[in-house]
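Enquirer: Handing you a structure now.
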Amino acid sequence: MDVFGVIVIMLAGLWLFLPAMLPNSAAVVFGGGTPVDLGRSWKGKRILGDGKTWRGFFGGGFAGFVLGMILMGIALLLKAEDPWGYGGGWTVVCIVLSLSFGSLLGDMMGSFIKRRLGIQRGQKAPILDQYDFLIGAFLLTMLFNWKWVYSTYIEGWNILALIFLLAITLLLHRAMNIIGYKAGLKKEPW
Ligand code: CTP
Ligand code: MG
């Protein structure tokens, strides 16, 4: 494997993961209204909190899905060979849906854990805040498309795509939150 090959693996891994990265930012824009937990508590603490809403969930998930379809369309138009596509047919839809909705389920799982630990909505929880969406997206996608996840992010040199994702997620998370804060969309810069 030469340097160019490694760069392609890492960039393709990021490109294909974008449908998992968009939903949480899109949820900030679409969010509001009825919370997913309907305001209910468990053992005196909110199940998820007011930061997880149905509108954010479906709006964010739909945004990720549309982005995935656009990425696939671009790959088809440019007749890009592997590794730039998700495969073909219904597999594409299945992978893109599990990436986008998996990321939001992971984000909700993160909030669920934060509430159990007594961390208020919007308060910081290092690692959890940055990686909950990524873990959710990978788990759901592995459940339905294990072979694709394995060949894209685990097998041989492809593990570098995963390492690259973990690193860039930290940077992007920081940048996006500062942008969201400055734009007045988020109450805290994290
Ligand atoms: N959001 C939403 N629905 C979701 C996810 C996010 O409406 N399913 C919106 C909410 O307005 C939320 C904002 O996006 O406040 C930022 O999301 P996040 O940082 O994940 O939520 P926090 O408010 O920080 O809450 P938590 O402590 O539970 O993470
Ligand atoms: Mg937060």
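Please note that chains go A, B, ... in the order of the structure tokens, that every chain numbers its residues from 1, and that ligands are numbered from 1 in the order shown.
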Using DSSP on the backbone, list every residue of range 34-184 of chain A that comes out as alpha helix (DSSP H), and give them as a PyMOL selection string.

Expert: chain A and resi 54-77+90-116+128-153+159-182

Enquirer: Neighbours of ligand 1 at 6 Å or closer, counting only C-alpha atoms and all ligand atoms: which residues, as a VMD selection string?

Expert: chain A and resid 24 27 to 28 31 to 32 49 51 to 53 56 to 57 111 120 to 123

Enquirer: Looking at only C-alpha atoms, which of A:Met10, A:Ala137, A:Ile70, A:Leu76 is the one that sits closest to Ala167 in chain A?

Expert: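 Ranked by minimum distance to Ala167 in chain A, first place goes to A:Met10.
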
Enquirer: Neighbours of Gly88 in chain A within 12 Å (only C-alpha atoms; same-chain residues fewer than 4 positions away dropped), as a list of chain:residue names?

Expert: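 Non-adjacent residues within range: A:Met69, A:Met72, A:Gly73, A:Ala75, A:Leu76, A:Glu81, A:Asp82, A:Trp84, A:Val92, A:Val93, A:Cys94, A:Ile95, A:Val96, A:Trp148.
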
Enquirer: For ligand 2, list the contacting residues at 12 Å or closer, counting only C-alpha atoms and all ligand atoms, as a VMD selection string.

Expert: chain A and resid 24 to 25 27 to 28 48 to 52 107 to 108 110 to 111 114 119 to 133 173 to 174 176 to 178 180 to 181 185 to 190

Enquirer: List the spatial neighbours of Ile159 in chain A as a list in words - criterion: any atom at most 12 Å away, only C-alpha atoms, same-chain residues fewer than 6 positions off excluded.

Expert: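 With the cut-off at 12 Å, the set is Val6, Ile9, Met10, Gly13, Val149, Tyr150, Ser151, Thr152, Tyr153, Leu165 and Leu166 of chain A.
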
Enquirer: Considering only strand (DSSP E or B) as DSSP defines it on the backbone, what residues of chain A qualify? List them as JSON, numbers by chain.

Expert: {"A": [35, 41, 42, 45, 46, 53]}

Enquirer: Generate a file of the selected residues that holds C-alpha atoms, formatted as a PDB file, in the first residue's frame.

Expert:
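Everything below was put into selection.pdb:
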ATOM      1  CA  PRO A  35     -39.223  15.746  23.543  1.00  0.00           C
ATOM      2  CA  SER A  41     -38.592  10.907  34.250  1.00  0.00           C
ATOM      3  CA  TRP A  42     -37.127   7.682  35.572  1.00  0.00           C
ATOM      4  CA  LYS A  45     -34.258  12.081  36.513  1.00  0.00           C
ATOM      5  CA  ARG A  46     -35.391  12.820  32.975  1.00  0.00           C
ATOM      6  CA  THR A  53     -36.893  15.964  20.299  1.00  0.00           C
TER       7      THR A  53
END

Enquirer: Quick one: pull the distance between CA of Met142 in chain A and CA of Leu22 in chain A, Å, one decimal.

Expert: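 It comes out at 19.1 Å.
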
Enquirer: Let me make sure I understand: among A:Leu16, A:Leu160, A:Val66, A:Val36, which one has the smallest atom-to-atom distance to Leu105 in chain A if we use only C-alpha atoms?

Expert: A:Val36

Enquirer: Which one of A:Met1, A:Phe138, A:Phe30, A:Ala63 sits closest to Leu162 in chain A if you count only C-alpha atoms?

Expert: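 Ranking A:Met1, A:Phe138, A:Phe30, A:Ala63 by distance to Leu162 in chain A, first place goes to A:Phe138.
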
Enquirer: For the atom pair CA of Ile113 in chain A and CA of Ile163 in chain A, what is the interatomic distance in Å to one decimal place?

Expert: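 Separation of CA of Ile113 in chain A and CA of Ile163 in chain A: 24.6 Å.
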
Enquirer: Using only C-alpha atoms for the distances, tell me which of A:Leu38, A:Gly33, A:Tyr86, A:Ser100 is nearest to Ile74 in chain A.

Expert: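 That would be A:Tyr86, the residue with the smallest distance to Ile74 in chain A.
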
Enquirer: Please determine, counting only C-alpha atoms, which residue among A:Ile7, A:Leu71, A:Ala20, A:Leu143 has the shortest atom-to-atom distance to Phe101 in chain A.

Expert: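 The closest residue to Phe101 in chain A is A:Ala20.
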
Enquirer: I'd like the interatomic distance between CA of Gly60 in chain A and CA of Ile135 in chain A, to a tenth of an Å.

Expert: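 If I compute the distance from CA of Gly60 in chain A to CA of Ile135 in chain A, I get 16.8 Å.
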
Enquirer: Using only C-alpha atoms, find the one residue out of A:Ala161, A:Leu104, A:Leu78, A:Ile47 that sits nearest to Gly59 in chain A.

Expert: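 Counting only C-alpha atoms, the residue closest to Gly59 in chain A is A:Leu104.
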